[in-house]
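upload_9.txt (compact mmCIF, C-alpha atoms) appears below.
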# COMPACT_ATOMS: atom_id res chain seq x y z
CA ALA A 1 -40.88 -19.01 65.90
CA GLN A 2 -38.02 -16.62 66.38
CA THR A 3 -35.36 -16.17 63.72
CA VAL A 4 -31.98 -14.47 63.73
CA THR A 5 -30.28 -13.20 60.59
CA GLN A 6 -26.67 -12.18 60.11
CA SER A 7 -26.38 -10.77 56.61
CA GLN A 8 -22.58 -10.55 56.51
CA PRO A 9 -20.99 -14.00 56.09
CA GLU A 10 -17.50 -12.46 56.19
CA MET A 11 -15.97 -9.20 57.35
CA SER A 12 -12.42 -7.95 57.56
CA VAL A 13 -10.82 -5.04 59.37
CA GLN A 14 -7.38 -3.59 59.85
CA GLU A 15 -5.82 -4.07 63.24
CA ALA A 16 -6.62 -1.16 65.61
CA GLU A 17 -9.61 -0.05 63.57
CA THR A 18 -13.33 -0.37 64.34
CA VAL A 19 -15.73 -2.86 62.80
CA THR A 20 -19.48 -3.36 63.15
CA LEU A 21 -21.23 -6.70 62.72
CA SER A 22 -24.93 -6.68 61.89
CA CYS A 23 -27.75 -8.79 63.27
CA THR A 24 -31.50 -8.62 62.87
CA TYR A 25 -34.10 -10.82 64.50
CA ASP A 26 -37.76 -11.53 64.27
CA THR A 27 -39.99 -12.13 67.27
CA SER A 28 -43.44 -11.32 68.55
CA GLU A 29 -42.25 -11.36 72.14
CA SER A 30 -41.60 -8.20 74.11
CA ASP A 31 -39.22 -9.59 76.69
CA TYR A 32 -36.10 -11.43 75.64
CA TYR A 33 -32.31 -11.51 75.73
CA LEU A 34 -29.81 -11.00 72.93
CA PHE A 35 -26.23 -12.20 72.92
CA TRP A 36 -23.08 -12.10 70.86
CA TYR A 37 -20.88 -15.16 71.08
CA LYS A 38 -17.40 -15.56 69.63
CA GLN A 39 -16.09 -18.88 68.31
CA PRO A 40 -12.34 -18.87 67.57
CA PRO A 41 -10.62 -21.68 65.65
CA SER A 42 -10.50 -23.71 68.90
CA ARG A 43 -14.33 -23.96 68.50
CA GLN A 44 -14.96 -22.90 72.12
CA MET A 45 -17.98 -20.58 72.21
CA ILE A 46 -17.23 -17.52 74.30
CA LEU A 47 -19.84 -15.03 75.48
CA VAL A 48 -18.93 -11.53 74.32
CA ILE A 49 -21.86 -9.43 75.45
CA ARG A 50 -25.52 -9.66 76.42
CA GLN A 51 -28.46 -7.27 76.22
CA GLU A 52 -31.81 -7.44 78.00
CA ALA A 53 -34.65 -6.22 75.80
CA TYR A 54 -36.25 -4.19 78.59
CA LYS A 55 -33.09 -2.11 78.99
CA GLN A 56 -32.82 0.92 76.72
CA GLN A 57 -29.16 1.42 77.50
CA ASN A 58 -26.81 -0.35 75.12
CA ALA A 59 -24.51 -2.91 76.74
CA THR A 60 -20.76 -2.36 76.75
CA GLU A 61 -17.88 -4.68 77.65
CA ASN A 62 -14.48 -3.04 77.26
CA ARG A 63 -13.85 -2.73 73.49
CA PHE A 64 -17.17 -4.37 72.62
CA SER A 65 -20.46 -2.49 72.50
CA VAL A 66 -23.85 -3.03 70.94
CA ASN A 67 -26.39 -0.86 69.18
CA PHE A 68 -29.75 -2.27 70.21
CA GLN A 69 -32.73 -0.94 68.26
CA LYS A 70 -35.77 -2.75 69.63
CA ALA A 71 -38.34 -1.28 67.25
CA ALA A 72 -36.20 -2.12 64.25
CA LYS A 73 -35.29 -5.52 65.76
CA SER A 74 -31.64 -4.82 65.17
CA PHE A 75 -28.68 -5.75 67.37
CA SER A 76 -25.26 -4.86 65.97
CA LEU A 77 -21.87 -5.43 67.60
CA LYS A 78 -19.13 -2.82 67.44
CA ILE A 79 -15.56 -3.86 68.10
CA SER A 80 -13.20 -0.95 68.73
CA ASP A 81 -9.41 -1.06 68.46
CA SER A 82 -9.54 -4.47 66.76
CA GLN A 83 -6.88 -6.95 67.85
CA LEU A 84 -5.52 -10.05 66.15
CA GLY A 85 -7.12 -12.14 68.89
CA ASP A 86 -10.55 -10.89 67.85
CA ALA A 87 -10.40 -13.01 64.69
CA ALA A 88 -13.20 -15.58 64.98
CA MET A 89 -16.74 -16.49 63.96
CA TYR A 90 -19.25 -14.24 65.68
CA PHE A 91 -22.76 -15.47 66.35
CA CYS A 92 -25.75 -13.39 67.30
CA ALA A 93 -28.25 -15.27 69.46
CA TYR A 94 -31.77 -14.75 70.81
CA ARG A 95 -33.41 -16.21 73.89
CA SER A 96 -36.90 -15.76 75.25
CA ALA A 97 -37.06 -14.26 78.73
CA GLY A 98 -39.30 -16.87 80.27
CA GLY A 99 -38.63 -20.52 80.85
CA ALA A 100 -36.16 -22.61 78.94
CA GLN A 101 -32.62 -21.79 77.95
CA LYS A 102 -33.06 -22.22 74.21
CA LEU A 103 -30.74 -20.05 72.14
CA VAL A 104 -31.63 -19.30 68.53
CA PHE A 105 -28.48 -18.50 66.58
CA GLY A 106 -27.76 -16.61 63.40
CA GLN A 107 -25.57 -18.15 60.72
CA GLY A 108 -22.48 -16.31 61.91
CA THR A 109 -20.03 -13.75 60.57
CA ARG A 110 -16.39 -14.68 60.05
CA LEU A 111 -14.21 -11.77 61.14
CA THR A 112 -10.66 -11.47 59.84
CA ILE A 113 -8.18 -9.02 61.34
CA ASN A 114 -5.51 -7.76 58.95
CA PRO A 115 -2.19 -6.82 60.59
CA LYS B 1 -14.31 -22.44 89.01
CA ALA B 2 -13.69 -25.07 86.39
CA GLY B 3 -15.51 -24.54 83.11
CA VAL B 4 -17.89 -26.82 81.31
CA THR B 5 -16.22 -30.07 80.35
CA GLN B 6 -17.24 -32.47 77.62
CA THR B 7 -16.05 -35.99 76.98
CA PRO B 8 -14.90 -37.38 74.71
CA ARG B 9 -13.53 -34.53 72.61
CA TYR B 10 -13.39 -36.57 69.43
CA LEU B 11 -15.30 -39.63 68.38
CA ILE B 12 -15.51 -41.73 65.24
CA LYS B 13 -18.46 -44.08 64.84
CA THR B 14 -19.92 -46.22 62.11
CA ARG B 15 -23.36 -45.72 60.62
CA GLY B 16 -25.95 -47.66 62.59
CA GLN B 17 -24.07 -47.56 65.88
CA GLN B 18 -25.08 -45.55 68.90
CA VAL B 19 -23.09 -42.99 70.86
CA THR B 20 -23.21 -41.33 74.27
CA LEU B 21 -21.70 -37.93 74.93
CA SER B 22 -21.11 -36.51 78.38
CA CYS B 23 -21.20 -32.99 79.78
CA SER B 24 -20.21 -31.75 83.23
CA PRO B 25 -21.53 -28.25 83.94
CA ILE B 26 -19.89 -25.52 85.95
CA SER B 27 -20.28 -26.21 89.64
CA GLY B 28 -23.61 -24.90 90.89
CA HIS B 29 -25.21 -24.69 87.45
CA ARG B 30 -28.48 -26.60 87.25
CA SER B 31 -29.34 -26.03 83.59
CA VAL B 32 -27.61 -27.94 80.81
CA SER B 33 -28.40 -27.42 77.13
CA TRP B 34 -27.16 -29.26 74.07
CA TYR B 35 -26.59 -27.88 70.57
CA GLN B 36 -25.58 -29.41 67.26
CA GLN B 37 -23.31 -27.43 64.96
CA THR B 38 -22.90 -28.35 61.30
CA PRO B 39 -21.66 -26.32 58.31
CA GLY B 40 -24.99 -26.66 56.56
CA GLN B 41 -27.50 -26.12 59.37
CA GLY B 42 -25.44 -23.98 61.71
CA LEU B 43 -26.13 -24.11 65.44
CA GLN B 44 -29.33 -25.86 66.39
CA PHE B 45 -30.83 -26.43 69.82
CA LEU B 46 -31.28 -30.07 70.80
CA PHE B 47 -32.68 -29.98 74.34
CA GLU B 48 -32.33 -28.50 77.79
CA TYR B 49 -32.37 -30.15 81.18
CA PHE B 50 -32.99 -28.40 84.47
CA SER B 51 -32.93 -30.25 87.78
CA GLU B 52 -33.10 -33.62 85.99
CA THR B 53 -36.17 -32.64 83.93
CA GLN B 54 -36.20 -31.99 80.21
CA ARG B 55 -37.54 -28.47 79.95
CA ASN B 56 -37.43 -27.92 76.19
CA LYS B 57 -36.68 -29.93 73.09
CA GLY B 58 -35.64 -28.89 69.61
CA ASN B 59 -36.80 -30.28 66.32
CA PHE B 60 -34.73 -33.45 66.17
CA PRO B 61 -35.84 -37.06 65.65
CA GLY B 62 -36.38 -39.40 68.56
CA ARG B 63 -32.97 -40.98 67.94
CA PHE B 64 -31.59 -38.04 69.91
CA SER B 65 -32.19 -38.31 73.62
CA GLY B 66 -30.67 -37.06 76.81
CA ARG B 67 -30.79 -37.13 80.54
CA GLN B 68 -29.48 -35.27 83.54
CA PHE B 69 -28.28 -36.72 86.79
CA SER B 70 -28.74 -35.43 90.32
CA ASN B 71 -25.27 -33.83 90.23
CA SER B 72 -26.36 -31.88 87.10
CA ARG B 73 -24.07 -33.84 84.79
CA SER B 74 -25.79 -34.60 81.53
CA GLU B 75 -25.52 -37.16 78.78
CA MET B 76 -26.92 -37.19 75.31
CA ASN B 77 -27.40 -40.32 73.27
CA VAL B 78 -27.80 -40.77 69.54
CA SER B 79 -28.99 -44.15 68.36
CA THR B 80 -28.78 -45.63 64.88
CA LEU B 81 -26.24 -43.10 63.71
CA GLU B 82 -26.55 -41.59 60.26
CA LEU B 83 -23.88 -39.85 58.19
CA GLY B 84 -25.73 -36.58 58.71
CA ASP B 85 -25.20 -36.80 62.46
CA SER B 86 -21.56 -35.88 61.95
CA ALA B 87 -21.23 -32.58 63.78
CA LEU B 88 -19.78 -30.67 66.66
CA TYR B 89 -21.97 -31.21 69.70
CA LEU B 90 -21.84 -28.38 72.18
CA CYS B 91 -23.00 -28.42 75.76
CA ALA B 92 -23.78 -25.24 77.71
CA SER B 93 -24.58 -24.69 81.35
CA SER B 94 -26.29 -21.91 83.26
CA PRO B 95 -27.23 -21.21 86.86
CA GLY B 96 -30.83 -20.60 85.85
CA THR B 97 -33.31 -18.85 83.63
CA VAL B 98 -32.14 -15.24 83.82
CA TYR B 99 -28.50 -16.05 83.31
CA GLU B 100 -26.39 -16.55 80.22
CA GLN B 101 -25.06 -19.90 79.08
CA TYR B 102 -21.43 -20.96 79.19
CA PHE B 103 -20.25 -23.42 76.60
CA GLY B 104 -17.94 -26.39 76.75
CA PRO B 105 -15.28 -27.16 74.12
CA GLY B 106 -17.56 -29.56 72.25
CA THR B 107 -17.41 -33.14 71.07
CA ARG B 108 -16.56 -33.66 67.42
CA LEU B 109 -18.52 -36.69 66.17
CA THR B 110 -17.67 -38.23 62.83
CA VAL B 111 -19.94 -40.92 61.42
CA THR B 112 -18.47 -43.09 58.65
Would you kindly transcribe this structure into structure tokens?
Amino acid sequence: AQTVTQSQPEMSVQEAETVTLSCTYDTSESDYYLFWYKQPPSRQMILVIRQEAYKQQNATENRFSVNFQKAAKSFSLKISDSQLGDAAMYFCAYRSAGGAQKLVFGQGTRLTINP
Amino acid sequence: KAGVTQTPRYLIKTRGQQVTLSCSPISGHRSVSWYQQTPGQGLQFLFEYFSETQRNKGNFPGRFSGRQFSNSRSEMNVSTLELGDSALYLCASSPGTVYEQYFGPGTRLTVT
């Protein structure tokens, strides 16, 4: 079974600075997807970014980028120019490439933005 | 397009009762998945439906069941509620296998 580990329960960053959230995963599969989801106090899960395992290029979405290290099974999220609206719980998630849409989530990292 | 909607948003039930939660996916999405979120266990996969067929099921007791209708709307049912069933239940929809999932706002269930 696949597992996802987020070793940082809480992180904080000054507004406008850069922060990196860590995620490691364990799988024996070679083809899969990785995601970062954001859950603000409203509890609505919002997709931040996705990465296909077969792609070597790291995904980027505006101020959000990932560092995907397949051999090390590491998938970190970098948030540049942090904004107050970035404050939320961030979840790393894994999904197998074939078949069902089952996401395996990490325990989450609570990100606080200091003004 | 309208997002994923879930009803009701909040629910209070008594131990032993049963409950039905509803999820309407984004128009055109055929896959609907359900997740349970609790402070202790985090986010756990319940089951997924695709074109009215259950395609995958998580490690939950048989008291948790679901179904999907021909219009892709989905319901999940929990019978004989226990205190530990208190959670945020999230529904997510997707157009298909290679696509990401989009989540609804959740239903907060409290069992007393």
In terms of the shortest atom-to-atom distance over only C-alpha atoms, which of B:Gly16, B:Leu21, B:Val98, B:Gly58 is closest to Asp31 of chain A? B:Val98
Atom CA of Arg55 of chain B to atom CA of Arg73 of chain B, straight-line distance in Å: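 Distance between the two atoms: 15.3 Å.
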Find the spatial neighbours of segment 69-84 of chain A, counting all atoms listed in the file, within a cut-off of 8 Å - ignore same-chain residues fewer than 6 positions away - and output them as a list in words.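 So the residues in contact are Val13, Gln14, Glu15, Ala16, Glu17, Thr18, Val19, Thr20, Leu21, Ser22, Cys23, Thr24, Tyr25, Asp26, Leu34, Trp36, Ala53, Arg63, Ile113, Asn114 and Pro115 of chain A.
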Find the residues of chain B in contact range of chain A, meaning any atom within 6 Å when counting all atoms listed in the file, and list them as a ChimeraX atom specification. /B:42,103,105
One decimal place gives the atom CA of Thr80 of chain B-atom CA of Phe45 of chain B separation as 19.9 Å
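Here atom CA of Ala87 of chain B is placed at a distance of 5.5 Å from atom CA of Leu109 of chain B.
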Give me the residues within 8 Å of segment 66-70 of chain B as an MDAnalysis selection string, counting all atoms listed in the file and dropping any in the same chain fewer than 6 places off. chainID B and resid 47 49:54 76:77
Nearest to Ala1 of chain A by atom-to-atom distance, counting only C-alpha atoms, from A:Lys55, A:Thr60, A:Tyr94, A:Val48: A:Tyr94
One residue among B:Lys1, B:Thr7, B:Ser31, B:Pro25 is nearest to Tyr99 of chain B when using only C-alpha atoms, and that residue is B:Ser31
Could you give me the axis-aligned bounding box of segment 73-80 of chain B, with 5 Å of padding per side, as centre plus edge lengths in Å to one decimal, as AutoDock Vina command-line options?
--center_x -26.5 --center_y -39.7 --center_z 74.8 --size_x 14.9 --size_y 21.8 --size_z 29.9
Around (-29.9, -40.7, 67.2), as given in the file, which residues come within 9 Å? Count only C-alpha atoms and list them as a list in words.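 Applying the cut-off with only C-alpha atoms, one gets Gln18, Val19, Phe60, Pro61, Gly62, Arg63, Phe64, Ser65, Asn77, Val78, Ser79, Thr80, Leu81, Glu82 and Asp85 of chain B.
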Of the listed residues B:Asn71, B:Thr110, B:Tyr89, B:Ile12, that which approaches Trp34 of chain B most closely, counting only C-alpha atoms: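 Ranked by minimum distance to Trp34 of chain B, first place goes to B:Tyr89.
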My list of candidates is B:Leu46, B:Leu83, B:Val111, B:Ala92. Which is closest to Tyr10 of chain B when distances are computed with all atoms listed in the file?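 Among the listed residues, B:Val111 lies closest to Tyr10 of chain B.
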